[in-house]
$ cat run-v4.tsv   # TSV, C-alpha atoms
chain	number	residue	atom	x	y	z
A	4	MET	CA	-12.73	-47.34	26.09
A	5	ASN	CA	-12.14	-43.84	24.70
A	6	ALA	CA	-13.23	-42.37	28.04
A	7	GLU	CA	-10.69	-44.59	29.82
A	8	TYR	CA	-7.86	-43.47	27.54
A	9	LYS	CA	-8.91	-39.84	27.99
A	10	GLU	CA	-8.86	-40.25	31.76
A	11	LEU	CA	-5.41	-41.88	31.61
A	12	ALA	CA	-4.12	-38.95	29.56
A	13	ILE	CA	-5.54	-36.37	31.97
A	14	GLN	CA	-4.16	-38.24	34.98
A	15	GLY	CA	-0.67	-38.61	33.53
A	16	LEU	CA	-0.31	-35.14	32.07
A	17	TRP	CA	-2.03	-33.09	34.76
A	18	LYS	CA	-4.14	-34.46	37.62
A	19	ASN	CA	-1.71	-37.15	38.77
A	20	ASN	CA	1.51	-35.90	37.19
A	21	PRO	CA	4.50	-37.79	38.67
A	22	GLY	CA	6.57	-34.64	39.10
A	23	LEU	CA	4.00	-32.01	40.10
A	24	VAL	CA	1.45	-34.03	42.07
A	25	GLN	CA	3.00	-37.31	43.20
A	26	LEU	CA	6.43	-35.65	43.66
A	27	LEU	CA	8.20	-38.85	42.64
A	28	GLY	CA	11.63	-39.10	41.06
A	29	LEU	CA	12.67	-35.69	42.38
A	30	CYS	CA	16.34	-36.60	42.79
A	31	PRO	CA	17.20	-36.75	39.06
A	32	LEU	CA	14.54	-34.16	38.27
A	33	LEU	CA	16.25	-31.55	40.42
A	34	ALA	CA	19.83	-32.63	39.76
A	35	VAL	CA	20.17	-32.80	35.97
A	36	THR	CA	17.70	-30.17	34.73
A	37	ALA	CA	20.26	-27.39	34.47
A	38	THR	CA	19.71	-27.38	30.70
A	39	VAL	CA	16.87	-28.36	28.37
A	40	THR	CA	19.15	-30.89	26.65
A	41	ASN	CA	19.80	-32.80	29.88
A	42	ALA	CA	16.12	-32.65	30.79
A	43	LEU	CA	15.09	-33.94	27.37
A	44	GLY	CA	17.61	-36.78	27.51
A	45	LEU	CA	16.48	-37.94	30.94
A	46	GLY	CA	12.81	-37.44	30.02
A	47	LEU	CA	13.10	-39.61	26.90
A	48	ALA	CA	14.98	-42.31	28.79
A	49	THR	CA	12.36	-42.38	31.56
A	50	LEU	CA	9.53	-42.40	29.01
A	51	LEU	CA	10.95	-45.42	27.16
A	52	VAL	CA	11.57	-47.30	30.40
A	53	LEU	CA	8.03	-46.56	31.61
A	54	ILE	CA	6.42	-47.84	28.42
A	55	GLY	CA	8.62	-50.94	28.21
A	56	SER	CA	8.26	-51.89	31.87
A	57	ASN	CA	4.48	-51.31	31.90
A	58	VAL	CA	3.99	-53.50	28.83
A	59	THR	CA	6.19	-56.30	30.20
A	60	VAL	CA	4.60	-56.21	33.65
A	61	SER	CA	1.16	-56.36	32.08
A	62	LEU	CA	2.19	-59.35	29.94
A	63	VAL	CA	3.58	-61.39	32.86
A	64	ARG	CA	1.12	-60.29	35.55
A	65	GLU	CA	-0.76	-63.62	35.49
A	66	TRP	CA	2.39	-65.66	36.17
A	67	VAL	CA	4.06	-63.55	38.88
A	68	PRO	CA	3.17	-64.57	42.47
A	69	LYS	CA	2.07	-61.69	44.66
A	70	GLU	CA	4.78	-62.42	47.22
A	71	ILE	CA	7.65	-61.65	44.79
A	72	ARG	CA	5.99	-59.14	42.46
A	73	ILE	CA	8.05	-56.12	43.59
A	74	PRO	CA	11.48	-57.80	43.03
A	75	VAL	CA	10.27	-59.03	39.64
A	76	PHE	CA	9.09	-55.55	38.69
A	77	VAL	CA	12.42	-54.04	39.73
A	78	LEU	CA	14.25	-56.68	37.69
A	79	ILE	CA	12.16	-55.83	34.61
A	80	ILE	CA	12.75	-52.10	35.07
A	81	ALA	CA	16.49	-52.67	35.56
A	82	ALA	CA	16.64	-54.64	32.31
A	83	PHE	CA	15.05	-51.79	30.34
A	84	VAL	CA	17.26	-49.19	32.04
A	85	THR	CA	20.33	-51.22	31.09
A	86	VAL	CA	19.20	-51.35	27.46
A	87	ILE	CA	18.59	-47.58	27.36
A	88	GLN	CA	21.90	-46.94	29.10
A	89	LEU	CA	23.84	-49.04	26.59
A	90	LEU	CA	22.08	-47.39	23.64
A	91	MET	CA	22.83	-43.90	24.96
A	92	ASN	CA	26.42	-44.89	25.63
A	93	ALA	CA	26.73	-46.06	22.02
A	94	TYR	CA	24.85	-43.30	20.15
A	95	THR	CA	24.66	-40.24	22.45
A	96	TYR	CA	27.83	-40.49	24.50
A	97	GLY	CA	27.88	-36.78	25.35
A	98	ILE	CA	24.49	-36.77	27.04
A	99	TYR	CA	25.31	-40.16	28.60
A	100	GLN	CA	28.28	-38.54	30.34
A	101	SER	CA	26.26	-35.47	31.26
A	102	LEU	CA	23.51	-37.48	32.97
A	103	GLY	CA	26.07	-39.62	34.80
A	104	ILE	CA	24.82	-41.67	37.73
A	105	PHE	CA	21.26	-40.40	37.36
A	106	LEU	CA	20.70	-42.54	34.28
A	107	PRO	CA	21.08	-45.91	36.06
A	108	LEU	CA	19.19	-44.44	39.02
A	109	ILE	CA	16.04	-44.57	36.88
A	110	VAL	CA	15.77	-48.13	38.22
A	111	THR	CA	14.85	-46.75	41.64
A	112	ASN	CA	12.47	-44.10	40.31
A	113	CYS	CA	9.35	-44.51	42.42
A	114	ALA	CA	7.14	-43.26	39.59
A	115	ILE	CA	8.07	-46.26	37.41
A	116	ILE	CA	7.74	-48.84	40.18
A	117	GLY	CA	4.50	-47.20	41.30
A	118	ARG	CA	2.88	-47.43	37.87
A	119	ALA	CA	3.99	-51.04	37.48
A	120	GLU	CA	2.40	-51.93	40.82
A	121	ALA	CA	-0.67	-49.70	40.75
A	122	TYR	CA	-1.75	-50.00	37.12
A	123	ALA	CA	0.26	-52.24	34.78
A	124	SER	CA	-0.02	-55.31	37.01
A	125	LYS	CA	-3.83	-55.03	36.98
A	126	ASN	CA	-4.67	-54.02	33.41
A	127	PRO	CA	-4.29	-55.25	29.79
A	128	VAL	CA	-1.29	-54.41	27.62
A	129	LYS	CA	-2.84	-51.57	25.58
A	130	GLN	CA	-4.00	-49.62	28.60
A	131	ALA	CA	-0.72	-50.28	30.43
A	132	ALA	CA	1.31	-49.03	27.46
A	133	PHE	CA	-0.84	-45.90	27.15
A	134	ASP	CA	-0.58	-45.26	30.88
A	135	GLY	CA	3.21	-45.51	30.65
A	136	LEU	CA	3.22	-43.15	27.67
A	137	MET	CA	1.12	-40.50	29.42
A	138	MET	CA	2.97	-40.74	32.73
A	139	GLY	CA	6.29	-40.58	30.90
A	140	LEU	CA	5.18	-37.56	28.86
A	141	GLY	CA	3.94	-35.81	31.99
A	142	PHE	CA	7.25	-36.41	33.75
A	143	ALA	CA	9.25	-35.38	30.66
A	144	LEU	CA	7.26	-32.15	30.25
A	145	VAL	CA	8.00	-31.15	33.86
A	146	LEU	CA	11.68	-31.91	33.27
A	147	ILE	CA	11.78	-29.81	30.08
A	148	VAL	CA	9.92	-26.82	31.57
A	149	LEU	CA	12.12	-26.88	34.66
A	150	GLY	CA	15.24	-27.21	32.50
A	151	ALA	CA	14.14	-24.29	30.30
A	152	ILE	CA	13.56	-22.03	33.31
A	153	ARG	CA	16.89	-22.89	34.90
A	154	GLU	CA	18.85	-22.62	31.65
A	155	VAL	CA	17.39	-19.23	30.70
A	156	LEU	CA	17.90	-17.77	34.18
A	157	GLY	CA	21.26	-19.45	34.72
A	158	GLN	CA	23.08	-18.86	31.44
A	159	GLY	CA	20.61	-17.04	29.21
A	160	THR	CA	20.34	-19.77	26.55
A	161	LEU	CA	18.03	-22.52	25.36
A	162	PHE	CA	19.06	-25.91	23.93
A	163	ASP	CA	22.69	-25.39	24.83
A	164	GLY	CA	24.54	-28.62	24.00
A	165	ALA	CA	21.68	-30.04	21.93
A	166	GLU	CA	24.23	-31.68	19.65
A	167	LEU	CA	25.16	-34.01	22.53
A	168	LEU	CA	21.73	-35.62	22.26
A	169	LEU	CA	20.56	-35.06	18.70
A	170	GLY	CA	23.81	-34.97	16.72
A	171	GLU	CA	26.00	-32.26	15.19
A	172	TRP	CA	23.15	-30.74	13.16
A	173	ALA	CA	21.38	-29.77	16.43
A	174	SER	CA	24.02	-27.14	17.25
A	175	VAL	CA	21.89	-24.66	15.25
A	176	LEU	CA	19.08	-25.08	17.80
A	177	ARG	CA	21.00	-23.13	20.44
A	178	VAL	CA	19.25	-19.82	21.15
A	179	GLU	CA	20.64	-16.97	23.24
A	180	VAL	CA	17.62	-15.57	25.07
A	181	LEU	CA	19.48	-13.27	27.47
A	182	HIS	CA	22.97	-11.87	27.31
A	183	LEU	CA	24.58	-12.62	30.67
A	184	ASP	CA	28.16	-11.63	31.46
A	185	ASN	CA	28.28	-14.20	34.26
A	186	LYS	CA	26.22	-17.29	34.94
A	187	PHE	CA	23.53	-17.06	37.63
A	188	LEU	CA	24.71	-19.92	39.85
A	189	LEU	CA	21.57	-20.09	42.01
A	190	ALA	CA	19.53	-21.17	38.98
A	191	ILE	CA	22.12	-23.69	37.83
A	192	LEU	CA	22.73	-25.33	41.21
A	193	PRO	CA	20.19	-27.66	42.95
A	194	PRO	CA	18.79	-24.93	45.29
A	195	GLY	CA	17.56	-23.09	42.20
A	196	ALA	CA	15.83	-26.27	41.07
A	197	PHE	CA	13.96	-26.49	44.38
A	198	ILE	CA	12.80	-22.88	44.07
A	199	ALA	CA	11.73	-23.26	40.43
A	200	MET	CA	9.94	-26.51	41.21
A	201	GLY	CA	8.07	-24.81	44.03
A	202	PHE	CA	6.87	-22.10	41.65
A	203	LEU	CA	5.72	-24.72	39.11
A	204	ILE	CA	3.71	-26.56	41.78
A	205	ALA	CA	2.23	-23.26	42.97
A	206	VAL	CA	1.14	-22.35	39.42
A	207	LYS	CA	-0.50	-25.77	38.97
A	208	ASN	CA	-2.34	-25.47	42.29
A	209	TYR	CA	-3.51	-21.96	41.34
A	210	ILE	CA	-4.89	-23.20	38.01
A	211	ASP	CA	-6.64	-26.12	39.74
A	212	GLU	CA	-8.26	-23.77	42.26
A	213	LYS	CA	-9.49	-21.47	39.48
A	214	GLN	CA	-10.98	-24.45	37.63
A	215	LYS	CA	-12.77	-25.62	40.78
A	216	GLU	CA	-14.22	-22.15	41.36
A	217	LYS	CA	-15.37	-22.00	37.73
A	218	GLN	CA	-17.05	-25.41	38.01
A	219	LYS	CA	-18.82	-24.42	41.23
A	220	LEU	CA	-20.06	-21.22	39.58
A	221	GLN	CA	-21.39	-23.16	36.58
A	222	GLN	CA	-23.13	-25.68	38.84
A	223	SER	CA	-24.78	-22.91	40.87
A	224	GLN	CA	-26.03	-21.26	37.67
A	225	GLU	CA	-27.42	-24.53	36.30
A	226	GLU	CA	-29.37	-25.39	39.48
A	227	PRO	CA	-33.06	-24.36	39.15
A	228	SER	CA	-34.03	-21.48	41.40
A	229	THR	CA	-36.81	-22.28	43.88
A	230	ILE	CA	-39.62	-19.79	44.45
A	231	GLU	CA	-40.79	-19.51	48.02
A	232	ARG	CA	-44.54	-19.16	48.48
A	233	VAL	CA	-45.75	-16.78	51.12
A	234	ARG	CA	-48.80	-17.73	53.15
A	235	VAL	CA	-51.13	-14.91	54.21
A	236	ASN	CA	-53.12	-15.39	57.38
A	237	PHE	CA	-56.32	-13.26	57.47
A	238	ASP	CA	-57.19	-14.18	61.06
$ encode --input "run-v4.tsv" --output "structure tokens"
Amino acid sequence: MNAEYKELAIQGLWKNNPGLVQLLGLCPLLAVTATVTNALGLGLATLLVLIGSNVTVSLVREWVPKEIRIPVFVLIIAAFVTVIQLLMNAYTYGIYQSLGIFLPLIVTNCAIIGRAEAYASKNPVKQAAFDGLMMGLGFALVLIVLGAIREVLGQGTLFDGAELLLGEWASVLRVEVLHLDNKFLLAILPPGAFIAMGFLIAVKNYIDEKQKEKQKLQQSQEEPSTIERVRVNFD
């Protein structure tokens, strides 16, 4: 069981990351990650929806006919998105306005529907919940890293507007990393998100290649060396 949870964590955070490997949910990922605050808000919303939908799908999987499973899954996801949307509208109205249409669009996020179909509908509740947690964390981490890169390059700050998500006390979290007289629009606009995302994927692929080379080297060193015997013919 521990090995299964470990594998789920590795798959969600690295090997099968929704943002870096599966390349799912790129529309909101590229559109709203101009700041860390926006990225964190969308990441938390997606994480909660993933956990809730995975648990619910796992609970009802025995009673849902195969022919209508996808509409049922979408209905479950839409219900959780509506709950999160109403909560954010009530308690974090600033970030709710900032995320705009991309908050209800979580319903159509292929990463959430994919996990409901591929894993939650075939596994018990505990594993489904943990899978949703790891996939959501993996997606949120990509959002936050991308948001940090774009915010630093675009306006030279980190956690700008954090009070919109966390309350008035969070205004002290704002850090000015670079002093920029004018904003770097390429980093703030969607083309900058595509470029930054490409670099993130390239870094991940580079790390994976280095790990494969290291594993091959270790395997070659562990293999026993064979000694060839030479036959001498005196004829």
$ residues_around --input "run-v4.tsv" --residues "Asp134 (chain A)" --least-positions-apart "4" --cutoff "8 Å" --atoms "only C-alpha atoms" --output "VMD selection string"
chain A and resid 11 to 12 15 54 57 122 130 138
$ closest_atom_pairs --input "run-v4.tsv" --of "region 18-66 of chain A" --to "region 187-194 of chain A" --cutoff "9 Å" --atoms "all atoms listed in the file" --output "JSON lines"
{"residue": "A:Leu33", "atom": "CA", "partner": "A:Pro193", "partner_atom": "CA", "distance": 6.1}
{"residue": "A:Ala34", "atom": "CA", "partner": "A:Pro193", "partner_atom": "CA", "distance": 5.9}
{"residue": "A:Val35", "atom": "CA", "partner": "A:Pro193", "partner_atom": "CA", "distance": 8.7}
{"residue": "A:Thr36", "atom": "CA", "partner": "A:Ile191", "partner_atom": "CA", "distance": 8.4}
{"residue": "A:Ala37", "atom": "CA", "partner": "A:Ile191", "partner_atom": "CA", "distance": 5.3}
{"residue": "A:Thr38", "atom": "CA", "partner": "A:Ile191", "partner_atom": "CA", "distance": 8.4}
$ write_last_selection --input "run-v4.tsv" --atoms "C-alpha atoms" --output "PDB file, keeping the file's coordinate frame"
ATOM      1  CA  LEU A  33      16.250 -31.550  40.420  1.00  0.00           C
ATOM      2  CA  ALA A  34      19.830 -32.630  39.760  1.00  0.00           C
ATOM      3  CA  VAL A  35      20.170 -32.800  35.970  1.00  0.00           C
ATOM      4  CA  THR A  36      17.700 -30.170  34.730  1.00  0.00           C
ATOM      5  CA  ALA A  37      20.260 -27.390  34.470  1.00  0.00           C
ATOM      6  CA  THR A  38      19.710 -27.380  30.700  1.00  0.00           C
TER       7      THR A  38
END
$ atom_distance --input "run-v4.tsv" --atom1 "CA of Ala42 (chain A)" --atom2 "CA of Gly22 (chain A)"
12.8 Å
$ residues_around --input "run-v4.tsv" --residues "Pro107 (chain A)" --least-positions-apart "6" --cutoff "8 Å" --atoms "all atoms listed in the file" --output "list in words"
Val84, Thr85 and Gln88 of chain A
$ axis_aligned_box --input "run-v4.tsv" --around "region 171-183 of chain A" --padding-each-side "4 Å" --output "lines of an AutoDock Vina configuration file"
center_x = 21.8
center_y = -22.1
center_z = 21.9
size_x = 16.4
size_y = 28.4
size_z = 25.5
$ residues_around --input "run-v4.tsv" --residues "region 96-98 of chain A" --least-positions-apart "2" --cutoff "7 Å" --atoms "only C-alpha atoms" --output "compact mmCIF listing (two decimals) with C-alpha atoms, keeping the file's coordinate frame"
# COMPACT_ATOMS: atom_id res chain seq x y z
CA ASN A 41 19.80 -32.80 29.88
CA GLY A 44 17.61 -36.78 27.51
CA MET A 91 22.83 -43.90 24.96
CA ASN A 92 26.42 -44.89 25.63
CA ALA A 93 26.73 -46.06 22.02
CA TYR A 94 24.85 -43.30 20.15
CA GLN A 100 28.28 -38.54 30.34
CA SER A 101 26.26 -35.47 31.26
CA LEU A 102 23.51 -37.48 32.97
CA LEU A 167 25.16 -34.01 22.53
CA LEU A 168 21.73 -35.62 22.26
$ residues_near_point --input "run-v4.tsv" --point "(15.2, -30.9, 35.8)" --cutoff "10 Å" --atoms "all atoms listed in the file" --output "NGL selection string"
:A and (22 or 29-43 or 45-46 or 142-154 or 193 or 196-197 or 199-200)
$ write_last_selection --input "run-v4.tsv" --atoms "C-alpha atoms" --output "PDB file, in the frame of the given file"
ATOM      1  CA  GLY A  22       6.570 -34.640  39.100  1.00  0.00           C
ATOM      2  CA  LEU A  29      12.670 -35.690  42.380  1.00  0.00           C
ATOM      3  CA  CYS A  30      16.340 -36.600  42.790  1.00  0.00           C
ATOM      4  CA  PRO A  31      17.200 -36.750  39.060  1.00  0.00           C
ATOM      5  CA  LEU A  32      14.540 -34.160  38.270  1.00  0.00           C
ATOM      6  CA  LEU A  33      16.250 -31.550  40.420  1.00  0.00           C
ATOM      7  CA  ALA A  34      19.830 -32.630  39.760  1.00  0.00           C
ATOM      8  CA  VAL A  35      20.170 -32.800  35.970  1.00  0.00           C
ATOM      9  CA  THR A  36      17.700 -30.170  34.730  1.00  0.00           C
ATOM     10  CA  ALA A  37      20.260 -27.390  34.470  1.00  0.00           C
ATOM     11  CA  THR A  38      19.710 -27.380  30.700  1.00  0.00           C
ATOM     12  CA  VAL A  39      16.870 -28.360  28.370  1.00  0.00           C
ATOM     13  CA  THR A  40      19.150 -30.890  26.650  1.00  0.00           C
ATOM     14  CA  ASN A  41      19.800 -32.800  29.880  1.00  0.00           C
ATOM     15  CA  ALA A  42      16.120 -32.650  30.790  1.00  0.00           C
ATOM     16  CA  LEU A  43      15.090 -33.940  27.370  1.00  0.00           C
ATOM     17  CA  LEU A  45      16.480 -37.940  30.940  1.00  0.00           C
ATOM     18  CA  GLY A  46      12.810 -37.440  30.020  1.00  0.00           C
ATOM     19  CA  PHE A 142       7.250 -36.410  33.750  1.00  0.00           C
ATOM     20  CA  ALA A 143       9.250 -35.380  30.660  1.00  0.00           C
ATOM     21  CA  LEU A 144       7.260 -32.150  30.250  1.00  0.00           C
ATOM     22  CA  VAL A 145       8.000 -31.150  33.860  1.00  0.00           C
ATOM     23  CA  LEU A 146      11.680 -31.910  33.270  1.00  0.00           C
ATOM     24  CA  ILE A 147      11.780 -29.810  30.080  1.00  0.00           C
ATOM     25  CA  VAL A 148       9.920 -26.820  31.570  1.00  0.00           C
ATOM     26  CA  LEU A 149      12.120 -26.880  34.660  1.00  0.00           C
ATOM     27  CA  GLY A 150      15.240 -27.210  32.500  1.00  0.00           C
ATOM     28  CA  ALA A 151      14.140 -24.290  30.300  1.00  0.00           C
ATOM     29  CA  ILE A 152      13.560 -22.030  33.310  1.00  0.00           C
ATOM     30  CA  ARG A 153      16.890 -22.890  34.900  1.00  0.00           C
ATOM     31  CA  GLU A 154      18.850 -22.620  31.650  1.00  0.00           C
ATOM     32  CA  PRO A 193      20.190 -27.660  42.950  1.00  0.00           C
ATOM     33  CA  ALA A 196      15.830 -26.270  41.070  1.00  0.00           C
ATOM     34  CA  PHE A 197      13.960 -26.490  44.380  1.00  0.00           C
ATOM     35  CA  ALA A 199      11.730 -23.260  40.430  1.00  0.00           C
ATOM     36  CA  MET A 200       9.940 -26.510  41.210  1.00  0.00           C
TER      37      MET A 200
END
